[in-house]
Every structure is written in structure tokens, then in C-alpha cells.
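This report refers to the structure that appears directly beneath it.
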Amino acid sequence: MNWVDSNFGCYVTNKTYDTKMKRSYEIESRIKFMTISTNELQLIKKTVEKYNKDNISRTKAYERFYERNPEIRWAMLAGIVSRNAGWNMTDLSSKWFQGILDKNSRATIFAMYERANWIIFQDAYPQLLLYEWAKKKQLPVFEQLKTFHVSEFMRQEWKIFWEARDEVRLCTSLIINEQQLLELEVMSSGLFQKNVFHTLRYQLEEYAHFSYVLLPTLNGSIYGQYVRNFTHVNQRIELGKRLAMILFHPVVHQDILQFTRKVEHTGSRRDYERICDITSPNTSPMLRVLHPVYHHKPSKGLDWFYSRKPLTPLFKRVKETRPEEIREWVHTKRVELYWIYKWGQKFMHK
């Protein structure tokens with residue numbers, strides 16, 4: 001017979017349930033005597049505020065954290081996805097997009113990218129820093145994540161990781177958590193629903209596969225995935241898992257890692273186009289040349305995990321396959337975008 005595990009939000013067998021609960025209680029009993037000072041918690045908070053300024057500072061923070069803690073795979077994934085967010089942001093100010101979208105549409109889409117980038121960092125980076133403190137002190141004080149309004153789900157998952165050291169599971173847990181948070185804080189926004197996700201433009205973009213996440217390398221190859229059904233949380237989670245599978249595949253991992261180490265993130269697509277031999281007549285400005293620091297309202301502070309949705313299916317590992325090089329496909333999409341721009345120019349001047 002199966003039961004609903006209230007700690008882990010998923011259906012488990014009696015044996016699994018007993019094992020997980022026993023392990024969880026053992027961890028909790030040990031950490032009652034482990035403390036982190038208020039000053040140290042405040043330092044974590046100030047560090048999060050310091051780096052949660054714009055897409056550039058967030059990306060660099062993720063990537064530097066991964067260099068210090070390579071067992072936290074999600075940090076590298078977050079860094080490369082954040083690079084893509086920056087490229088998408090500056091696309092909106094490029095010559096082609098200015099010819100395709102009106103100013104208000106571009107401003108709304110930029111606000112959506114920036115809010116998503118900000119909200120994920122605001123939730124995830126305190127987790128990373130608290131783990132780094134726990135690792136240094138050998139004190140698993142993960143109940144202190146409540147201080148930063150981190151979900152009950154992740155408080156339990158960090159405890160599990162501390163005991164089991166399952167890097168893939170923790171990466172998946174963070175993917176699940178951040179996408180559920182994104183659903184609560186960004187995707188349900190009436191402004192973005194009306195002016196982004198429910199527009200004909202968005203539907204055509206999804207149909208034509210113009211949205212994608214790229215994983216460039218220093219040797220000129222590009223890997224990645226195109227984005228499908230972005231408005232569905234489970235599809236975004238599966239996308240994250242597929243990207244993680246590619247990112248840590250032994251055939252390409254070091255090549256992508258060297259790109260993140262050697263190529264400064266500016267938000268411009270020139271960051272990778274110059275290395276991957278992609279030429280484009282489109283402009284691609286640097287992000288900090290275009291945008292000042294964007295000031296955000298506080299998050300809702302709600303815990304998505306209290307919905308108690310069964311999560312077991314989301315932990316299913318994606319099938320590992322050899323990553324496919326997609327540079328030619330990316331070039332094809334750029335050519336198609338160019339013709340949309342030209343068609344739009346012709347239509348506007350009639």
C-alpha cells in the first residue's frame with residue numbers, strides 16, 4: 001500500500017516512507033544543537049542583495065559558486081541559463097526586434113525576463129551560501145533556510161543531500177523548486193499572462209521554435225534545447241532536467257565549462273557568436289549599456305510546497321543520450337528571424 005509522505009510531497013511505499021522519515025528525524029535531532037549566528041545570516045542576506053542587481057552579477061555569482069562547489073551541479077546550470085536570459089534581454093533592443101515588436105511589448109517581455117531572473121536568484125542563492133557555510137563548518141543548519149522563506153521542500157532536500165550526497169537528485173530538486181516558484185511568482189501574473197503568454201506572437205514563436213537555451217563551447221560547437229510549452233510547469237522542469245543531462249554529459253561538459261570560465265558574460269550574443277563563427281547583420285548590444293538596475297517588489301513569500309502535489313514523477317531521470325551539435329539549426333533560426341524582420345519592415349512601410 002502507498003502513503004502520501006507529508007515531508008516529501010510524493011507517494012512512497014511503506015518501507016521507503018519509514019526509511020525517509022527515520023533519516024529526517026535523525027538529522028533534525030542532530031541539528032537542534034547546531035547554530036549559525038544572526039550576524040552570519042545577515043551576511044548571507046547582504047551577499048544575496050549585493051549580487052542580485054542585474055543579470056550580469058547573478059550569472060557571475062552562480063558561476064563563481066560552482067567553481068568553489070562543483071558538487072552543486074545546479075549552480076552551473078543556473079549560470080548558463082542565466083546567460084541565455086541575458087541574451088534574450090538584449091535581443092529586445094536589437095535592430096531586428098525593434099522592427100518586429102513595439103516598444104511596450106518589448107518593455108513587458110524584458111520585465112518578465114528580469115523578474116524571473118531576480119526571483120530565482122533571491123530564492124536559490126541563500127540556499128547555496130548556507131550550504132557553503134554548512135560545508136565549511138560541517139554543521140547542516142538547513143532549518144535556517146526558513147529565515148530566507150525557502151520552501152519546506154528544499155529544506156528537506158538539502159538534509160537528504162547532506163546525508164546521501166546524490167548530486168543529480170539535488171540538481172533535480174532545485175529545478176523543481178525554482179520552476180514551482182516561478183509558476184507562483186511570475187507565470188501566474190495577470191500582466192504577463194495577458195501581454196506575453198496569451199498573444200498570437202507568443203503562440204507563433206512556440207510553433208516555430210524560436211525560443212531555445214544554448215550551451216556554447218570554446219571549440220565553436222553549440223548544444224542546447226528549444227523551449228516547448230513554456231507555460232506548463234512540468235514541461236519547464238523536464239527542460240531543466242534535459243539541459244542538466246547535456247551539461248554534465250562527459251562528451252561536452254568540459255568544453256561548456258571552459259566557455260563559462262573564459263568568456264566574460266556581457267549579455268550580448270557576440271559572446272558566443274564570435275567563437276562559434278556565427279555572423280549576423282543584427283545588432284547585439286551589451287546589457288549594462290542598455291539597462292540600469294531594475295528595482296523589484298518583494299516576493300509574495302508563499303510556500304508552493306503546501307499544495308502537496310505528488311512529486312515522485314518529476315524525479316524520474318531523463319534518458320541519457322549523446323548531445324547533438326545544433327549550430328546549423330541555430331543559424332537557420334537566425335535566418336528565419338531575419339526574414340520575419342524584413343517582412344515586418346515591408347508591412348510597416350505600406
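Order determines the names: the first chain of the C-alpha cells is A, the second B, and so forth; residues in each chain are numbered 1 upward, and ligands are numbered 1 upward as they are shown.
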Alpha helix (DSSP H) residues, from DSSP on the backbone, in stretch 88-309 of chain A, as an mmCIF file with C-alpha atoms, in the first residue's frame:
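Writing the result to result-v4.cif gives the following:
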```
data_model
loop_
_atom_site.group_PDB
_atom_site.id
_atom_site.type_symbol
_atom_site.label_atom_id
_atom_site.label_comp_id
_atom_site.auth_asym_id
_atom_site.auth_seq_id
_atom_site.Cartn_x
_atom_site.Cartn_y
_atom_site.Cartn_z
ATOM 1 C CA ASN A 88 17.172 37.201 -24.627
ATOM 2 C CA MET A 89 17.009 40.521 -22.770
ATOM 3 C CA THR A 90 19.389 42.310 -25.112
ATOM 4 C CA ASP A 91 17.689 40.773 -28.170
ATOM 5 C CA LYS A 95 17.660 46.117 -34.678
ATOM 6 C CA TRP A 96 15.519 43.160 -35.692
ATOM 7 C CA PHE A 97 13.379 43.018 -32.575
ATOM 8 C CA GLN A 98 12.812 46.765 -32.684
ATOM 9 C CA GLY A 99 11.410 46.183 -36.155
ATOM 10 C CA ILE A 100 9.229 43.242 -35.049
ATOM 11 C CA LYS A 103 8.172 49.443 -27.525
ATOM 12 C CA ASN A 104 5.544 48.457 -24.923
ATOM 13 C CA SER A 105 5.717 44.769 -25.851
ATOM 14 C CA ARG A 106 9.490 44.783 -25.606
ATOM 15 C CA ALA A 107 9.373 46.507 -22.215
ATOM 16 C CA THR A 108 6.873 43.951 -20.859
ATOM 17 C CA ILE A 109 8.888 40.974 -22.086
ATOM 18 C CA PHE A 110 12.073 42.467 -20.616
ATOM 19 C CA ALA A 111 10.286 42.934 -17.274
ATOM 20 C CA MET A 112 9.250 39.273 -17.346
ATOM 21 C CA TYR A 113 12.801 38.030 -18.017
ATOM 22 C CA GLU A 114 14.231 40.316 -15.346
ATOM 23 C CA ARG A 115 11.609 39.377 -12.738
ATOM 24 C CA ALA A 116 12.150 35.645 -13.340
ATOM 25 C CA ASN A 117 15.936 36.056 -13.156
ATOM 26 C CA TRP A 118 15.621 38.087 -9.941
ATOM 27 C CA ILE A 119 13.079 35.872 -8.162
ATOM 28 C CA ILE A 120 15.040 32.658 -8.762
ATOM 29 C CA PHE A 121 18.299 34.199 -7.540
ATOM 30 C CA GLN A 122 16.560 35.672 -4.476
ATOM 31 C CA ASP A 123 15.373 32.192 -3.511
ATOM 32 C CA ALA A 124 18.266 29.999 -4.628
ATOM 33 C CA TYR A 125 21.396 31.965 -3.746
ATOM 34 C CA PRO A 126 20.752 31.993 0.032
ATOM 35 C CA GLN A 127 20.431 28.209 -0.205
ATOM 36 C CA LEU A 128 23.792 27.975 -1.934
ATOM 37 C CA LEU A 129 25.513 30.268 0.553
ATOM 38 C CA LEU A 130 24.034 28.491 3.573
ATOM 39 C CA TYR A 131 25.205 25.161 2.143
ATOM 40 C CA GLU A 132 28.679 26.618 1.627
ATOM 41 C CA TRP A 133 28.712 27.759 5.271
ATOM 42 C CA ALA A 134 27.479 24.315 6.415
ATOM 43 C CA LYS A 135 30.148 22.608 4.327
ATOM 44 C CA LYS A 136 32.896 24.757 5.823
ATOM 45 C CA LYS A 137 31.695 24.291 9.416
ATOM 46 C CA GLU A 152 9.772 23.218 3.129
ATOM 47 C CA PHE A 153 10.521 21.015 0.131
ATOM 48 C CA MET A 154 14.066 22.349 -0.227
ATOM 49 C CA ARG A 155 14.734 22.335 3.494
ATOM 50 C CA GLN A 156 14.110 18.584 3.393
ATOM 51 C CA GLU A 157 16.033 18.070 0.144
ATOM 52 C CA TRP A 158 19.163 19.762 1.490
ATOM 53 C CA LYS A 159 19.064 17.447 4.511
ATOM 54 C CA ILE A 160 18.762 14.439 2.203
ATOM 55 C CA PHE A 161 21.699 15.674 0.118
ATOM 56 C CA TRP A 162 23.834 16.185 3.220
ATOM 57 C CA GLU A 163 23.382 12.520 4.102
ATOM 58 C CA ALA A 164 23.242 10.844 0.677
ATOM 59 C CA GLU A 167 24.250 15.332 -6.818
ATOM 60 C CA VAL A 168 21.709 14.508 -9.530
ATOM 61 C CA ARG A 169 18.793 14.388 -7.085
ATOM 62 C CA LEU A 170 19.728 17.752 -5.562
ATOM 63 C CA CYS A 171 20.026 19.317 -9.013
ATOM 64 C CA THR A 172 16.586 17.963 -9.902
ATOM 65 C CA SER A 173 15.165 19.182 -6.585
ATOM 66 C CA LEU A 174 16.412 22.709 -7.242
ATOM 67 C CA ILE A 175 14.987 22.609 -10.779
ATOM 68 C CA ILE A 176 11.602 21.532 -9.397
ATOM 69 C CA ASN A 177 11.671 24.142 -6.638
ATOM 70 C CA GLU A 178 12.650 27.101 -8.797
ATOM 71 C CA GLN A 179 10.128 26.279 -11.522
ATOM 72 C CA GLN A 180 7.342 25.881 -8.974
ATOM 73 C CA LEU A 181 8.359 29.239 -7.504
ATOM 74 C CA LEU A 182 8.420 30.776 -10.975
ATOM 75 C CA GLY A 190 -2.038 38.816 -14.984
ATOM 76 C CA LEU A 191 0.237 41.315 -16.729
ATOM 77 C CA PHE A 192 2.436 38.620 -18.261
ATOM 78 C CA LEU A 200 -0.608 35.425 -31.093
ATOM 79 C CA ARG A 201 3.061 36.421 -31.274
ATOM 80 C CA TYR A 202 3.940 34.071 -28.427
ATOM 81 C CA GLN A 203 1.974 31.196 -29.963
ATOM 82 C CA LEU A 204 3.761 31.633 -33.288
ATOM 83 C CA GLU A 205 7.138 31.805 -31.545
ATOM 84 C CA GLU A 206 6.455 28.487 -29.794
ATOM 85 C CA TYR A 207 5.219 26.887 -33.010
ATOM 86 C CA VAL A 233 5.492 23.994 -15.128
ATOM 87 C CA ASN A 234 6.133 20.271 -15.641
ATOM 88 C CA GLN A 235 7.454 20.928 -19.142
ATOM 89 C CA ARG A 236 9.860 23.550 -17.801
ATOM 90 C CA ILE A 237 11.066 21.049 -15.203
ATOM 91 C CA GLU A 238 11.654 18.426 -17.899
ATOM 92 C CA LEU A 239 13.525 21.035 -19.948
ATOM 93 C CA GLY A 240 15.756 21.775 -16.965
ATOM 94 C CA LYS A 241 16.493 18.081 -16.492
ATOM 95 C CA ARG A 242 17.363 17.637 -20.175
ATOM 96 C CA LEU A 243 19.662 20.657 -20.075
ATOM 97 C CA ALA A 244 21.386 19.269 -16.971
ATOM 98 C CA MET A 245 21.839 15.920 -18.715
ATOM 99 C CA ILE A 246 23.539 17.640 -21.674
ATOM 100 C CA LEU A 247 25.570 19.983 -19.490
ATOM 101 C CA HIS A 253 30.915 19.024 -20.057
ATOM 102 C CA GLN A 254 34.498 20.289 -20.052
ATOM 103 C CA ASP A 255 34.022 22.188 -23.334
ATOM 104 C CA ILE A 256 30.982 24.061 -21.992
ATOM 105 C CA LEU A 257 32.683 24.651 -18.641
ATOM 106 C CA GLN A 258 35.706 26.184 -20.378
ATOM 107 C CA PHE A 259 33.372 28.560 -22.232
ATOM 108 C CA THR A 260 31.881 29.795 -18.944
ATOM 109 C CA ARG A 261 35.370 30.187 -17.474
ATOM 110 C CA LYS A 262 36.964 32.017 -20.388
ATOM 111 C CA ARG A 270 28.530 38.308 -29.636
ATOM 112 C CA ASP A 271 29.841 36.491 -26.533
ATOM 113 C CA TYR A 272 29.384 33.174 -28.337
ATOM 114 C CA GLU A 273 28.808 34.178 -31.977
ATOM 115 C CA LEU A 287 23.189 44.579 -21.334
ATOM 116 C CA ARG A 288 24.739 47.159 -18.995
ATOM 117 C CA VAL A 289 24.977 49.666 -21.836
ATOM 118 C CA LEU A 290 21.197 49.486 -22.186
#
```
Write out as a VMD selection string which residues come within 12 Å of A:Arg274 when counting only C-alpha atoms, dropping same-chain ones fewer than 3 positions away. chain A and resid 216 to 221 263 268 to 271 277 to 280 284
Nearest to A:Gln225, restricted to only C-alpha atoms and choosing among A:Asn55, A:Thr312, A:Asn84, A:Ser37, comes out as A:Asn84
* Asked: Could you name the residues that touch A:Trp339 at 12 Å or less, counting only C-alpha atoms, but leaving out those on the same chain fewer than 3 positions away, as a list in words?
  ->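 Using only C-alpha atoms, the neighbours found are Trp96, Phe97, Gly99, Ile100, Pro281, Asn282, Thr332, Lys333, Arg334, Val335, Glu336, Lys342, Trp343, Gly344, Gln345 and Lys346 of chain A.
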What separates atom CA of A:Ile80 and atom CA of A:Gly224 is a distance of 10.5 Å
List every residue of stretch 112-238 of chain A that DSSP, applied to the backbone of this structure, places in strand (DSSP E), and write the result as a compact mmCIF listing (two decimals) with C-alpha atoms, in the first residue's frame.
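Below is the file part-v9.txt, written as the result:
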```
# COMPACT_ATOMS: atom_id res chain seq x y z
CA TYR A 212 15.85 27.97 -27.14
CA VAL A 213 18.53 27.57 -24.48
CA LEU A 214 22.06 27.43 -25.90
CA LEU A 215 25.12 25.76 -24.38
CA PRO A 216 28.11 27.12 -26.35
CA ILE A 222 26.78 24.65 -29.69
CA TYR A 223 24.46 22.34 -27.79
CA GLY A 224 21.10 23.02 -26.23
CA GLN A 225 17.35 22.57 -26.37
CA TYR A 226 14.48 24.52 -27.85
```
_Show me, as a list in words, the residues that have an atom within 9 Å of A:His149 when counting only C-alpha atoms, minus same-chain residues fewer than 3 positions from it._
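With the cut-off at 9 Å, the set is Asp123, Leu145, Lys146, Glu152, Gly301, Leu302 and Asp303 of chain A.
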Inset, instruction - Would you mind reading off the distance between atom CA of A:Ser93 and atom CA of A:Ala75, one decimal, in Å? - result: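 Rounded to one decimal, the two atoms are 28.0 Å apart.
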Which value, in Å to one decimal, gives the distance between atom CA of A:Met286 and atom CA of A:Asp54?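 If I compute the distance from atom CA of A:Met286 to atom CA of A:Asp54, I get 12.5 Å.
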